[in-house]
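Structure file entry_38.txt with compact mmCIF, C-alpha atoms:
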```
# COMPACT_ATOMS: atom_id res chain seq x y z
CA MET M 1 1.27 -4.36 3.81
CA GLY M 2 -1.60 -6.73 4.38
CA HIS M 3 -3.16 -8.19 7.46
CA ASP M 4 -1.24 -9.78 10.29
CA HIS M 5 -2.02 -13.46 10.55
CA SER M 6 0.54 -14.35 13.17
CA ARG M 7 -1.04 -17.58 14.41
CA PRO M 8 1.34 -20.42 13.53
CA THR M 9 0.06 -22.58 10.70
CA ALA M 10 0.27 -26.32 10.53
CA ALA M 11 3.16 -27.66 8.49
CA ALA M 12 2.21 -28.70 4.98
CA PRO M 13 2.83 -32.31 3.93
CA PRO M 14 6.25 -32.96 2.33
CA ARG M 15 4.73 -33.54 -1.10
CA VAL M 16 2.91 -30.22 -0.97
CA ARG M 17 6.06 -28.40 0.14
CA ARG M 18 8.01 -29.92 -2.74
CA VAL M 19 5.39 -28.78 -5.26
CA LEU M 20 5.36 -25.25 -3.83
CA ILE M 21 9.15 -25.06 -3.85
CA ALA M 22 9.26 -26.32 -7.44
CA THR M 23 6.79 -23.57 -8.39
CA VAL M 24 7.91 -20.58 -6.33
CA VAL M 25 11.69 -20.93 -6.60
CA PRO M 26 11.80 -20.83 -10.46
CA LEU M 27 9.51 -17.78 -10.41
CA PHE M 28 11.79 -16.06 -7.91
CA LEU M 29 14.87 -16.90 -9.98
CA ALA M 30 13.14 -15.62 -13.13
CA THR M 31 12.36 -12.37 -11.31
CA LEU M 32 16.01 -12.00 -10.28
CA VAL M 33 17.17 -12.64 -13.86
CA ALA M 34 14.71 -10.07 -15.20
CA ALA M 35 15.88 -7.55 -12.60
CA LEU M 36 19.52 -8.09 -13.61
CA VAL M 37 18.66 -7.65 -17.29
CA LEU M 38 16.60 -4.51 -16.71
CA TRP M 39 18.83 -3.05 -13.99
CA PRO M 40 19.71 0.59 -14.86
CA ARG M 41 23.43 0.82 -15.57
CA ASP M 42 23.62 4.12 -17.45
CA ALA M 43 20.83 6.14 -15.89
CA PRO M 44 21.12 9.69 -17.23
CA SER M 45 21.46 12.53 -14.78
CA VAL M 46 18.71 15.07 -15.22
CA GLY M 47 20.10 18.58 -15.29
CA GLY M 48 17.75 21.39 -14.49
CA GLY M 49 20.37 24.09 -14.10
CA GLU M 50 22.25 25.04 -10.99
CA ASP M 51 20.08 25.22 -7.89
CA ALA M 52 20.19 28.31 -5.74
CA ALA M 53 22.09 27.96 -2.47
CA ARG M 54 19.78 27.02 0.43
CA TYR M 55 20.50 27.65 4.11
CA HIS M 56 18.60 27.29 7.38
CA GLY M 57 17.47 30.23 9.48
CA THR M 58 15.18 31.25 12.35
CA VAL M 59 12.68 34.13 12.19
CA THR M 60 13.30 36.62 15.02
CA ARG M 61 11.07 39.54 14.00
CA VAL M 62 8.13 40.12 11.67
CA VAL M 63 6.89 43.57 10.61
CA THR M 64 3.73 43.76 8.48
CA GLU M 65 2.47 46.79 6.58
CA PRO M 66 -0.32 47.57 4.10
CA CYS M 67 0.36 46.42 0.58
CA PRO M 68 0.68 49.19 -2.03
CA PRO M 69 -2.07 49.18 -4.66
CA THR M 70 -1.22 47.58 -7.95
CA PRO M 71 -3.18 48.44 -11.10
CA GLU M 72 -2.72 44.91 -12.49
CA ALA M 73 -4.49 43.22 -9.55
CA PRO M 74 -8.27 42.73 -9.80
CA GLU M 75 -10.39 44.91 -7.57
CA GLY M 76 -10.92 43.47 -4.08
CA THR M 77 -7.85 41.22 -4.16
CA THR M 78 -4.50 41.64 -2.43
CA GLU M 79 -1.13 40.06 -2.92
CA GLY M 80 -0.24 40.19 0.78
CA PRO M 81 1.12 39.83 3.25
CA CYS M 82 3.49 42.73 2.84
CA GLY M 83 6.32 43.68 5.15
CA THR M 84 9.71 42.37 6.23
CA ALA M 85 11.08 39.57 8.36
CA THR M 86 14.33 39.55 10.31
CA VAL M 87 16.00 36.15 10.17
CA THR M 88 19.03 34.76 12.00
CA VAL M 89 21.05 32.67 9.54
CA ASP M 90 21.91 29.30 11.12
CA THR M 91 24.02 27.71 8.36
CA GLY M 92 26.20 28.87 5.49
CA PRO M 93 28.85 31.55 5.18
CA ASP M 94 26.70 34.12 7.02
CA ALA M 95 25.87 31.84 9.99
CA GLY M 96 25.12 33.85 13.13
CA GLN M 97 24.25 37.04 11.24
CA GLN M 98 20.83 38.63 11.00
CA VAL M 99 19.39 39.45 7.58
CA GLU M 100 16.23 41.24 6.53
CA THR M 101 14.03 39.89 3.78
CA ALA M 102 10.61 40.61 2.37
CA LEU M 103 7.72 38.50 3.56
CA PRO M 104 6.84 35.81 1.02
CA ALA M 105 3.65 36.62 -0.88
CA GLY M 106 1.51 34.99 -3.50
CA PRO M 107 -0.43 31.70 -3.71
CA GLY M 108 1.24 28.88 -1.80
CA SER M 109 3.79 31.13 -0.12
CA PRO M 110 4.72 30.15 3.47
CA SER M 111 3.23 32.19 6.32
CA VAL M 112 5.98 32.91 8.86
CA GLU M 113 5.91 33.94 12.51
CA VAL M 114 8.54 34.69 15.11
CA GLY M 115 10.35 31.50 16.08
CA ASP M 116 9.68 29.64 12.84
CA GLU M 117 12.58 27.64 11.39
CA ILE M 118 12.70 28.39 7.69
CA VAL M 119 14.77 27.73 4.56
CA LEU M 120 16.57 30.68 3.00
CA VAL M 121 17.51 30.90 -0.67
CA VAL M 122 20.27 33.19 -1.96
CA LEU M 123 19.20 35.04 -5.09
CA THR M 124 21.73 36.85 -7.29
CA ASP M 125 20.87 40.00 -9.20
CA PRO M 126 21.14 39.14 -12.93
CA ALA M 127 22.25 42.69 -13.73
CA ASP M 128 25.00 42.67 -11.08
CA PRO M 129 26.23 39.18 -10.06
CA THR M 130 28.08 40.68 -7.08
CA VAL M 131 24.77 41.66 -5.45
CA SER M 132 22.79 38.93 -3.71
CA SER M 133 19.96 38.78 -1.21
CA TYR M 134 18.14 36.24 0.94
CA THR M 135 14.51 35.24 0.48
CA ILE M 136 12.31 32.84 2.45
CA ALA M 137 11.59 29.71 0.41
CA ALA M 138 9.81 27.30 2.78
CA HIS M 139 9.53 26.02 6.33
CA GLN M 140 11.98 23.45 7.63
CA ARG M 141 10.08 20.17 7.74
CA GLY M 142 12.89 17.79 8.65
CA LYS M 143 12.28 17.58 12.41
CA PRO M 144 8.48 17.17 12.25
CA LEU M 145 8.84 14.45 9.63
CA ILE M 146 11.41 12.62 11.75
CA TRP M 147 9.14 12.73 14.80
CA LEU M 148 6.18 11.50 12.76
CA ALA M 149 8.26 8.65 11.34
CA LEU M 150 9.42 7.67 14.83
CA ALA M 151 5.85 7.70 16.15
CA PHE M 152 4.81 5.57 13.18
CA ALA M 153 7.57 3.03 13.79
CA VAL M 154 6.99 2.87 17.56
CA ALA M 155 3.25 2.33 17.12
CA ILE M 156 3.78 -0.50 14.62
CA VAL M 157 6.41 -2.26 16.74
CA ALA M 158 4.44 -1.77 19.99
CA PHE M 159 1.32 -3.31 18.46
CA GLY M 160 2.84 -5.89 16.10
CA ARG M 161 6.01 -6.70 18.09
CA TRP M 162 8.29 -8.90 15.99
CA ARG M 163 5.74 -9.02 13.17
CA GLY M 164 5.54 -5.23 13.25
CA LEU M 165 9.32 -5.00 13.07
CA ALA M 166 9.26 -7.33 10.07
CA ALA M 167 6.61 -5.12 8.47
CA LEU M 168 8.89 -2.09 8.89
CA GLY M 169 11.70 -4.05 7.25
CA GLY M 170 9.39 -4.88 4.36
CA LEU M 171 8.46 -1.21 4.00
CA VAL M 172 12.13 -0.23 3.84
CA ALA M 173 12.76 -2.95 1.26
CA SER M 174 9.83 -1.72 -0.86
CA PHE M 175 11.14 1.83 -1.01
CA ALA M 176 14.68 0.57 -1.65
CA ILE M 177 13.49 -1.40 -4.69
CA LEU M 178 11.45 1.54 -5.96
CA LEU M 179 14.30 4.04 -5.56
CA THR M 180 17.16 1.85 -6.80
CA PHE M 181 15.48 -0.19 -9.55
CA VAL M 182 12.01 0.93 -10.69
CA LEU M 183 12.47 4.71 -10.89
CA PRO M 184 16.06 4.67 -12.26
CA GLY M 185 15.07 1.95 -14.75
CA ILE M 186 12.17 3.97 -16.14
CA GLY M 187 14.31 7.12 -16.10
CA ALA M 188 17.01 5.32 -18.11
CA GLY M 189 14.53 4.73 -20.94
CA GLU M 190 13.53 1.11 -20.25
CA SER M 191 9.96 0.10 -21.03
CA PRO M 192 8.00 0.98 -17.85
CA LEU M 193 5.69 -2.06 -17.96
CA PRO M 194 8.30 -4.86 -17.60
CA VAL M 195 10.25 -2.74 -15.10
CA ALA M 196 7.12 -2.24 -13.00
CA VAL M 197 6.10 -5.91 -13.15
CA THR M 198 9.61 -7.03 -12.19
CA GLY M 199 9.89 -4.46 -9.41
CA ALA M 200 6.45 -5.35 -8.04
CA ALA M 201 7.37 -9.05 -8.08
CA LEU M 202 10.61 -8.32 -6.18
CA ILE M 203 8.69 -6.29 -3.60
CA MET M 204 6.12 -9.06 -3.28
CA PHE M 205 8.68 -11.82 -2.67
CA VAL M 206 10.64 -9.81 -0.11
CA VAL M 207 7.71 -8.28 1.77
CA LEU M 208 5.42 -11.31 1.97
CA TYR M 209 8.06 -13.79 3.10
CA LEU M 210 9.68 -11.28 5.46
CA THR M 211 6.39 -10.24 7.04
CA HIS M 212 4.44 -13.50 7.08
CA GLY M 213 7.20 -16.10 7.19
CA VAL M 214 8.30 -18.85 4.82
CA THR M 215 5.22 -21.08 4.96
CA ALA M 216 2.91 -22.85 2.54
CA GLN M 217 0.24 -20.24 3.30
CA THR M 218 2.59 -17.40 2.33
CA SER M 219 3.61 -19.23 -0.83
CA VAL M 220 -0.03 -19.51 -1.85
CA ALA M 221 -0.43 -15.76 -1.30
CA VAL M 222 2.71 -15.14 -3.39
CA LEU M 223 1.40 -17.20 -6.30
CA GLY M 224 -2.01 -15.55 -6.12
CA THR M 225 -0.48 -12.08 -6.01
CA LEU M 226 1.87 -12.75 -8.92
CA ALA M 227 -0.92 -14.18 -11.10
CA SER M 228 -3.16 -11.19 -10.29
CA LEU M 229 -0.34 -8.72 -11.05
CA VAL M 230 0.21 -10.24 -14.49
CA LEU M 231 -3.53 -10.17 -15.15
CA THR M 232 -3.69 -6.53 -14.01
CA GLY M 233 -0.90 -5.64 -16.46
CA VAL M 234 -2.71 -7.37 -19.33
CA LEU M 235 -6.03 -5.71 -18.48
CA GLY M 236 -4.30 -2.34 -18.14
CA SER M 237 -2.71 -2.67 -21.57
CA LEU M 238 -6.06 -3.56 -23.16
CA ALA M 239 -7.96 -0.79 -21.35
CA THR M 240 -5.47 1.96 -22.19
CA ALA M 241 -5.38 0.80 -25.82
CA LEU M 242 -9.18 0.75 -26.10
CA THR M 243 -9.53 4.20 -24.55
CA HIS M 244 -6.54 5.60 -26.49
CA LEU M 245 -4.87 7.02 -23.37
CA THR M 246 -1.53 8.68 -24.04
CA GLY M 247 -0.28 9.14 -20.48
CA TYR M 248 -0.37 12.93 -20.74
CA GLY M 249 -3.29 13.09 -18.35
CA SER M 250 -1.68 15.22 -15.68
CA GLU M 251 0.50 18.27 -15.38
CA ASP M 252 3.21 16.18 -13.72
CA ALA M 253 3.41 13.87 -16.73
CA THR M 254 3.63 16.84 -19.11
CA THR M 255 6.41 18.40 -17.02
CA LEU M 256 8.28 15.09 -16.92
CA SER M 257 8.13 14.84 -20.72
CA MET M 258 9.85 18.21 -20.95
CA PHE M 259 12.78 17.12 -18.76
CA GLN M 260 13.03 13.49 -20.00
CA ALA M 261 11.66 13.20 -23.49
CA ASP M 262 12.60 9.50 -23.80
CA VAL M 263 10.24 8.36 -20.99
CA ASP M 264 7.27 6.37 -22.31
CA LEU M 265 4.35 8.08 -20.55
CA HIS M 266 1.85 5.47 -21.76
CA GLY M 267 3.98 2.75 -20.21
CA LEU M 268 4.44 4.89 -17.13
CA LEU M 269 0.66 4.98 -16.70
CA LEU M 270 0.55 1.16 -16.79
CA ALA M 271 3.44 0.96 -14.35
CA GLY M 272 1.57 3.22 -11.93
CA ILE M 273 -1.50 0.98 -12.11
CA ILE M 274 0.56 -2.12 -11.28
CA ILE M 275 2.54 -0.56 -8.44
CA GLY M 276 -0.61 0.98 -6.99
CA SER M 277 -2.46 -2.36 -7.12
CA LEU M 278 0.27 -4.34 -5.36
CA GLY M 279 -0.51 -3.25 -1.80
CA VAL M 280 -4.23 -4.03 -2.08
CA LEU M 281 -3.55 -7.35 -3.83
CA ASP M 282 -1.23 -8.36 -1.00
CA ASP M 283 -3.97 -7.62 1.51
CA VAL M 284 -6.54 -9.73 -0.33
CA THR M 285 -4.34 -12.72 -1.16
CA VAL M 286 -2.89 -13.04 2.35
CA THR M 287 -6.37 -12.78 3.84
CA GLN M 288 -7.81 -15.43 1.51
CA ALA M 289 -4.95 -17.87 2.13
CA ALA M 290 -5.30 -17.41 5.89
CA THR M 291 -9.09 -17.79 5.71
CA VAL M 292 -8.85 -21.16 3.98
CA THR M 293 -6.24 -22.33 6.48
CA GLU M 294 -8.33 -21.29 9.49
CA LEU M 295 -11.52 -22.82 8.08
CA ALA M 296 -9.75 -26.13 7.47
CA ARG M 297 -8.31 -26.05 10.98
CA ALA M 298 -11.66 -25.22 12.60
CA ASN M 299 -13.50 -27.96 10.67
CA PRO M 300 -11.30 -30.68 9.14
CA ASP M 301 -14.44 -32.33 7.72
CA LEU M 302 -14.84 -29.62 5.07
CA THR M 303 -14.13 -30.83 1.56
CA ARG M 304 -12.09 -28.91 -0.96
CA LEU M 305 -15.19 -27.48 -2.62
CA GLN M 306 -16.74 -26.51 0.72
CA LEU M 307 -13.54 -24.73 1.74
CA TYR M 308 -13.50 -22.83 -1.54
CA ARG M 309 -17.12 -21.75 -1.25
CA ALA M 310 -16.84 -20.69 2.39
CA ALA M 311 -13.64 -18.70 1.85
CA THR M 312 -15.05 -17.11 -1.32
CA ARG M 313 -17.97 -15.76 0.71
CA VAL M 314 -15.44 -14.07 2.98
CA GLY M 315 -13.62 -12.76 -0.09
CA ARG M 316 -16.82 -11.24 -1.49
CA ALA M 317 -17.35 -9.25 1.70
CA HIS M 318 -13.71 -8.15 1.64
CA ILE M 319 -13.87 -7.08 -2.02
CA ALA M 320 -17.09 -5.12 -1.44
CA SER M 321 -15.29 -2.85 1.03
CA THR M 322 -11.94 -2.79 -0.78
CA VAL M 323 -13.46 -1.59 -4.07
CA ASN M 324 -14.73 1.49 -2.29
CA THR M 325 -11.27 1.94 -0.77
CA ILE M 326 -9.59 1.92 -4.19
CA VAL M 327 -12.00 4.43 -5.72
CA LEU M 328 -11.81 6.78 -2.73
CA ALA M 329 -8.01 6.55 -2.69
CA TYR M 330 -7.79 7.62 -6.32
CA ALA M 331 -10.43 10.32 -5.77
CA GLY M 332 -8.60 11.66 -2.72
CA ALA M 333 -5.34 11.88 -4.65
CA SER M 334 -7.11 13.72 -7.49
CA LEU M 335 -9.28 16.17 -5.53
CA PRO M 336 -7.77 19.30 -7.17
CA LEU M 337 -8.40 17.76 -10.59
CA LEU M 338 -11.98 16.82 -9.68
CA LEU M 339 -12.68 20.32 -8.36
CA LEU M 340 -11.30 21.79 -11.56
CA LEU M 341 -13.52 19.54 -13.64
CA THR M 342 -16.66 20.43 -11.65
CA ALA M 343 -16.03 24.09 -12.50
CA ASP M 344 -15.76 23.22 -16.19
CA THR M 345 -18.55 24.51 -18.41
CA ARG M 346 -18.44 21.53 -20.76
CA GLY M 347 -21.06 18.78 -20.74
CA ILE M 348 -20.74 15.85 -18.34
CA SER M 349 -20.10 13.34 -21.12
CA GLU M 350 -17.28 15.44 -22.52
CA ILE M 351 -15.71 15.83 -19.05
CA VAL M 352 -15.90 12.11 -18.25
CA THR M 353 -14.31 11.12 -21.56
CA SER M 354 -11.50 13.68 -21.27
CA GLU M 355 -7.94 12.41 -20.89
CA PHE M 356 -7.70 13.68 -17.32
CA LEU M 357 -10.73 11.88 -15.90
CA ALA M 358 -10.68 8.85 -18.21
CA GLN M 359 -7.20 8.03 -16.91
CA GLU M 360 -8.44 7.87 -13.30
CA ILE M 361 -11.47 5.81 -14.31
CA VAL M 362 -9.27 3.28 -16.09
CA ARG M 363 -6.95 3.10 -13.05
CA SER M 364 -9.84 2.30 -10.72
CA ILE M 365 -11.53 -0.23 -13.01
CA VAL M 366 -8.36 -2.15 -13.89
CA ALA M 367 -7.19 -2.28 -10.27
CA THR M 368 -10.63 -3.51 -9.17
CA LEU M 369 -10.76 -6.22 -11.86
CA GLY M 370 -7.32 -7.49 -10.81
CA LEU M 371 -8.45 -7.46 -7.20
CA ILE M 372 -11.62 -9.45 -7.97
CA ALA M 373 -9.59 -12.03 -9.90
CA ALA M 374 -7.23 -12.44 -6.93
CA VAL M 375 -10.00 -13.91 -4.76
CA PRO M 376 -10.84 -17.06 -6.79
CA ILE M 377 -7.22 -17.57 -7.84
CA THR M 378 -5.81 -17.45 -4.31
CA THR M 379 -8.76 -19.25 -2.71
CA GLY M 380 -8.56 -22.10 -5.22
CA LEU M 381 -4.81 -22.50 -4.71
CA ALA M 382 -5.20 -22.39 -0.93
CA ALA M 383 -7.96 -25.01 -1.01
CA LEU M 384 -5.81 -27.31 -3.14
CA VAL M 385 -2.79 -26.93 -0.87
CA THR M 386 -4.76 -27.28 2.37
CA THR M 387 -6.54 -30.47 1.34
CA ALA M 388 -3.62 -32.01 -0.56
CA GLY M 389 -2.36 -33.76 2.56
CA ARG M 390 -5.58 -35.74 2.89
CA GLY M 391 -6.01 -36.46 -0.79
CA GLY M 392 -9.19 -34.45 -1.12
CA THR M 393 -11.14 -36.61 1.38
CA PRO M 394 -12.43 -35.21 4.65
CA SER M 395 -10.39 -35.99 7.74
CA ARG M 396 -13.10 -36.82 10.25
CA ARG M 397 -12.62 -36.68 14.00
CA PRO M 398 -13.11 -40.01 15.84
CA PRO M 399 -16.74 -40.41 17.00
CA ARG M 400 -17.62 -40.23 20.67
CA PRO M 401 -18.06 -43.72 22.20
CA ALA M 402 -21.70 -44.89 22.30
CA GLY M 403 -21.72 -45.26 26.07
CA GLU M 404 -20.40 -41.77 26.68
CA ARG M 405 -22.89 -40.32 24.18
CA ASP M 406 -25.85 -42.05 25.87
CA ASP M 407 -24.71 -40.93 29.32
CA ALA M 408 -24.35 -37.34 28.13
CA LEU M 409 -27.84 -37.33 26.62
CA ALA M 410 -29.28 -38.83 29.83
CA ALA M 411 -27.52 -36.20 31.91
CA LEU M 412 -29.00 -33.42 29.78
CA SER M 413 -32.57 -34.81 29.60
CA GLY M 414 -33.02 -36.57 32.98
CA PRO M 415 -34.67 -35.01 36.08
CA ARG M 416 -32.48 -32.91 38.36
CA ALA M 417 -32.04 -33.47 42.13
CA ALA M 418 -30.60 -31.14 44.71
CA THR M 419 -27.31 -32.97 44.77
CA GLY M 420 -27.01 -33.98 41.11
CA VAL M 421 -28.81 -35.87 38.40
CA THR M 422 -30.99 -38.83 39.46
CA ASP M 423 -30.13 -42.20 37.98
CA SER M 424 -33.32 -44.14 37.24
CA ALA M 425 -31.43 -47.43 37.26
CA ALA M 426 -30.16 -46.86 40.78
CA GLY M 427 -33.58 -46.01 42.10
CA PRO M 428 -35.19 -42.76 43.13
CA GLY M 429 -33.25 -40.41 45.28
CA HIS M 430 -29.83 -41.79 44.33
CA PRO M 431 -27.77 -39.01 42.77
CA ARG M 432 -25.45 -39.81 39.92
CA ASN M 433 -22.15 -38.08 39.17
CA THR M 434 -22.07 -37.12 35.50
CA ASN M 435 -18.43 -36.02 35.40
CA PRO M 436 -17.10 -39.31 33.92
CA ALA M 437 -19.62 -39.05 31.08
CA TRP M 438 -18.36 -35.59 30.15
```

Starting from the file, lay out its structure as structure tokens.
Amino acid sequence: MGHDHSRPTAAAPPRVRRVLIATVVPLFLATLVAALVLWPRDAPSVGGGEDAARYHGTVTRVVTEPCPPTPEAPEGTTEGPCGTATVTVDTGPDAGQQVETALPAGPGSPSVEVGDEIVLVVLTDPADPTVSSYTIAAHQRGKPLIWLALAFAVAIVAFGRWRGLAALGGLVASFAILLTFVLPGIGAGESPLPVAVTGAALIMFVVLYLTHGVTAQTSVAVLGTLASLVLTGVLGSLATALTHLTGYGSEDATTLSMFQADVDLHGLLLAGIIIGSLGVLDDVTVTQAATVTELARANPDLTRLQLYRAATRVGRAHIASTVNTIVLAYAGASLPLLLLLTADTRGISEIVTSEFLAQEIVRSIVATLGLIAAVPITTGLAALVTTAGRGGTPSRRPPRPAGERDDALAALSGPRAATGVTDSAAGPGHPRNTNPAW
């Protein structure tokens, strides 16, 4: 997550490092304590009945035929394709045997061809449990996903080298925290908001320090991210309360409530806003901290206020593009919902204020407000830390000696000769070497 600012930063003064350590370490310890308190110890196992046995197979023959007419189907529509497929079973008790099964039909059914590697499901006849048959459930996606993941990892390491490898480690750590702490904690009935804030803080500490190194610049980004996360949680709570959102704004949430009735869907909505905002916040805070550091390095004469103003101008340009990114990301994830709403016959005001769309609007607005707040918070902290070593006064470079300055100006403004610059003091026609002056 975030940009790669791999240029080594100057070491912060000892006093600044002590202040950062005294601030960051207690926050990290508080996050660990909260994680231990909220850690799921008795996460219930969700039982959805016994799953049908699944085995791998390879399609060796496909025979298609016209579909028989059905009186229930509307005129001009078909339920195809119709026909049979011969499949060689690769795993399970019937491995090596060939079985014949009907071609899958209906919306979302896989389209199979000869040579496709598919997943077979064994279905048992309810009237006679001794009779079973195979049916095609889906394509095997394991190998393509593995190759895509390898290409992803190779590209990151080839471009980012050691920093890219650290980024991969941070990605693994993020998913580990989500899968072992956040999701089981919410599933165990804990309040989703504190679980999400604690999990996001853990991810932030691990990923930022692992990817960008243990430096004062990274610590500033950590503090800015943590402050913005807390603010995002507060704004999310206020916004969902004002708009009376229940969390039942999607079919997935409704289905989840049927399997796990004790999950707080309102809190789950807030948790999703926080987790979704973390990656963008990391990008902004790391960029702002690095911008202040680079500006101070390029011009040590800049005061604290000048650094803040210059870096804030960069932050405004960054936010202008990132806001569009957030909205488009939410819109892209909700395209089926948006298409469904455009086909709705209700008025536009009624559609916009519906639970489905209002939930996405609140997500985008709250995430954007937290992102905007991250710029002044992180930039102000970075300006304080960067100028703390010089006590807030500009550290000016030593002036050029007067003699060298005069010689340089004379070399630039004096008449040129074929062999160099003419020195008026030495008389006409006497070239003068200007290298010592430069």

Tell me, as an MDAnalysis selection string, which residues lie within 9 Å of Thr293 (chain M), counting only C-alpha atoms; anything in the same chain fewer than 2 positions away does not count. chainID M and resid 9:10 217 288:291 295:298 382:383 386

List the neighbours of Val172 (chain M) out to 12 Å using all atoms listed in the file; skip same-chain residues closer than 2 positions along the sequence, and give me the result as a PyMOL selection string. chain M and resi 1+153+165-170+174-180+203+206-207+210-211

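Each of M:Ser250, M:Ser109, M:Ser228, M:Ser334 was compared to Leu371 (chain M) using only C-alpha atoms, and M:Ser228 turns out to be the nearest.
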
Any idea what's packed within 12 Å of region 58-66 of chain M, counting only C-alpha atoms, ignoring anything in its chain fewer than 6 positions away? Could you give it as JSON, numbers by chain? {"M": [78, 79, 80, 81, 82, 83, 84, 85, 86, 87, 88, 89, 90, 91, 95, 96, 97, 98, 99, 100, 101, 102, 103, 104, 105, 111, 112, 113, 114, 115, 116, 117, 118, 119, 120, 135, 136, 138, 139, 140]}

CA of Thr232 (chain M) and CA of Val366 (chain M), how far apart in Å?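 Here the two named atoms are 6.4 Å from each other.
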
Go through M:Leu238, M:Leu357, M:Val220, M:Ala173 and flag the residue nearest Gly199 (chain M), using only C-alpha atoms for the distances. M:Ala173

Measuring atom to atom with all atoms listed in the file, identify which of M:Ala311, M:Val292, M:Tyr134, M:Phe28 is nearest to Ala201 (chain M).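 Between M:Ala311, M:Val292, M:Tyr134, M:Phe28, the residue approaching Ala201 (chain M) most closely is M:Phe28.
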
Could you please determine the separation between CA of Thr31 (chain M) and CA of Glu190 (chain M) in Å, to one decimal place?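 Calculated distance between CA of Thr31 (chain M) and CA of Glu190 (chain M) is 16.2 Å.
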
Taking only C-alpha atoms into account, which of M:Thr240, M:Ser354, M:Thr387, M:Ser277 comes nearest Ala200 (chain M)?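 Closest candidate: M:Ser277.
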
At the level of all heavy atoms, write region 321-325 of chain M to a file as a PDB file, in the first residue's frame, please.
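result-v8.pdb was written with the following content:
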```pdb
ATOM      1  N   SER M 321      -7.451  14.102  -7.059  1.00  0.00           N
ATOM      2  CA  SER M 321      -7.508  12.885  -7.869  1.00  0.00           C
ATOM      3  C   SER M 321      -7.962  11.682  -7.054  1.00  0.00           C
ATOM      4  O   SER M 321      -8.649  10.792  -7.573  1.00  0.00           O
ATOM      5  CB  SER M 321      -6.130  12.595  -8.482  1.00  0.00           C
ATOM      6  OG  SER M 321      -5.160  12.409  -7.464  1.00  0.00           O
ATOM      7  N   THR M 322      -7.622  11.650  -5.774  1.00  0.00           N
ATOM      8  CA  THR M 322      -7.971  10.500  -4.945  1.00  0.00           C
ATOM      9  C   THR M 322      -9.463  10.441  -4.648  1.00  0.00           C
ATOM     10  O   THR M 322     -10.029   9.356  -4.529  1.00  0.00           O
ATOM     11  CB  THR M 322      -7.171  10.537  -3.627  1.00  0.00           C
ATOM     12  OG1 THR M 322      -5.787  10.675  -3.927  1.00  0.00           O
ATOM     13  CG2 THR M 322      -7.373   9.263  -2.838  1.00  0.00           C
ATOM     14  N   VAL M 323     -10.111  11.604  -4.521  1.00  0.00           N
ATOM     15  CA  VAL M 323     -11.557  11.619  -4.276  1.00  0.00           C
ATOM     16  C   VAL M 323     -12.281  10.919  -5.417  1.00  0.00           C
ATOM     17  O   VAL M 323     -13.200  10.106  -5.208  1.00  0.00           O
ATOM     18  CB  VAL M 323     -12.054  13.066  -4.106  1.00  0.00           C
ATOM     19  CG1 VAL M 323     -13.569  13.128  -4.183  1.00  0.00           C
ATOM     20  CG2 VAL M 323     -11.580  13.640  -2.786  1.00  0.00           C
ATOM     21  N   ASN M 324     -11.874  11.213  -6.633  1.00  0.00           N
ATOM     22  CA  ASN M 324     -12.475  10.549  -7.787  1.00  0.00           C
ATOM     23  C   ASN M 324     -12.208   9.054  -7.744  1.00  0.00           C
ATOM     24  O   ASN M 324     -13.061   8.239  -8.116  1.00  0.00           O
ATOM     25  CB  ASN M 324     -11.912  11.158  -9.075  1.00  0.00           C
ATOM     26  CG  ASN M 324     -12.719  10.778 -10.295  1.00  0.00           C
ATOM     27  OD1 ASN M 324     -13.935  10.797 -10.267  1.00  0.00           O
ATOM     28  ND2 ASN M 324     -12.038  10.417 -11.361  1.00  0.00           N
ATOM     29  N   THR M 325     -11.016   8.678  -7.273  1.00  0.00           N
ATOM     30  CA  THR M 325     -10.676   7.257  -7.167  1.00  0.00           C
ATOM     31  C   THR M 325     -11.611   6.540  -6.195  1.00  0.00           C
ATOM     32  O   THR M 325     -12.092   5.434  -6.475  1.00  0.00           O
ATOM     33  CB  THR M 325      -9.223   7.096  -6.697  1.00  0.00           C
ATOM     34  OG1 THR M 325      -8.356   7.746  -7.628  1.00  0.00           O
ATOM     35  CG2 THR M 325      -8.846   5.630  -6.592  1.00  0.00           C
TER      36      THR M 325
END
```
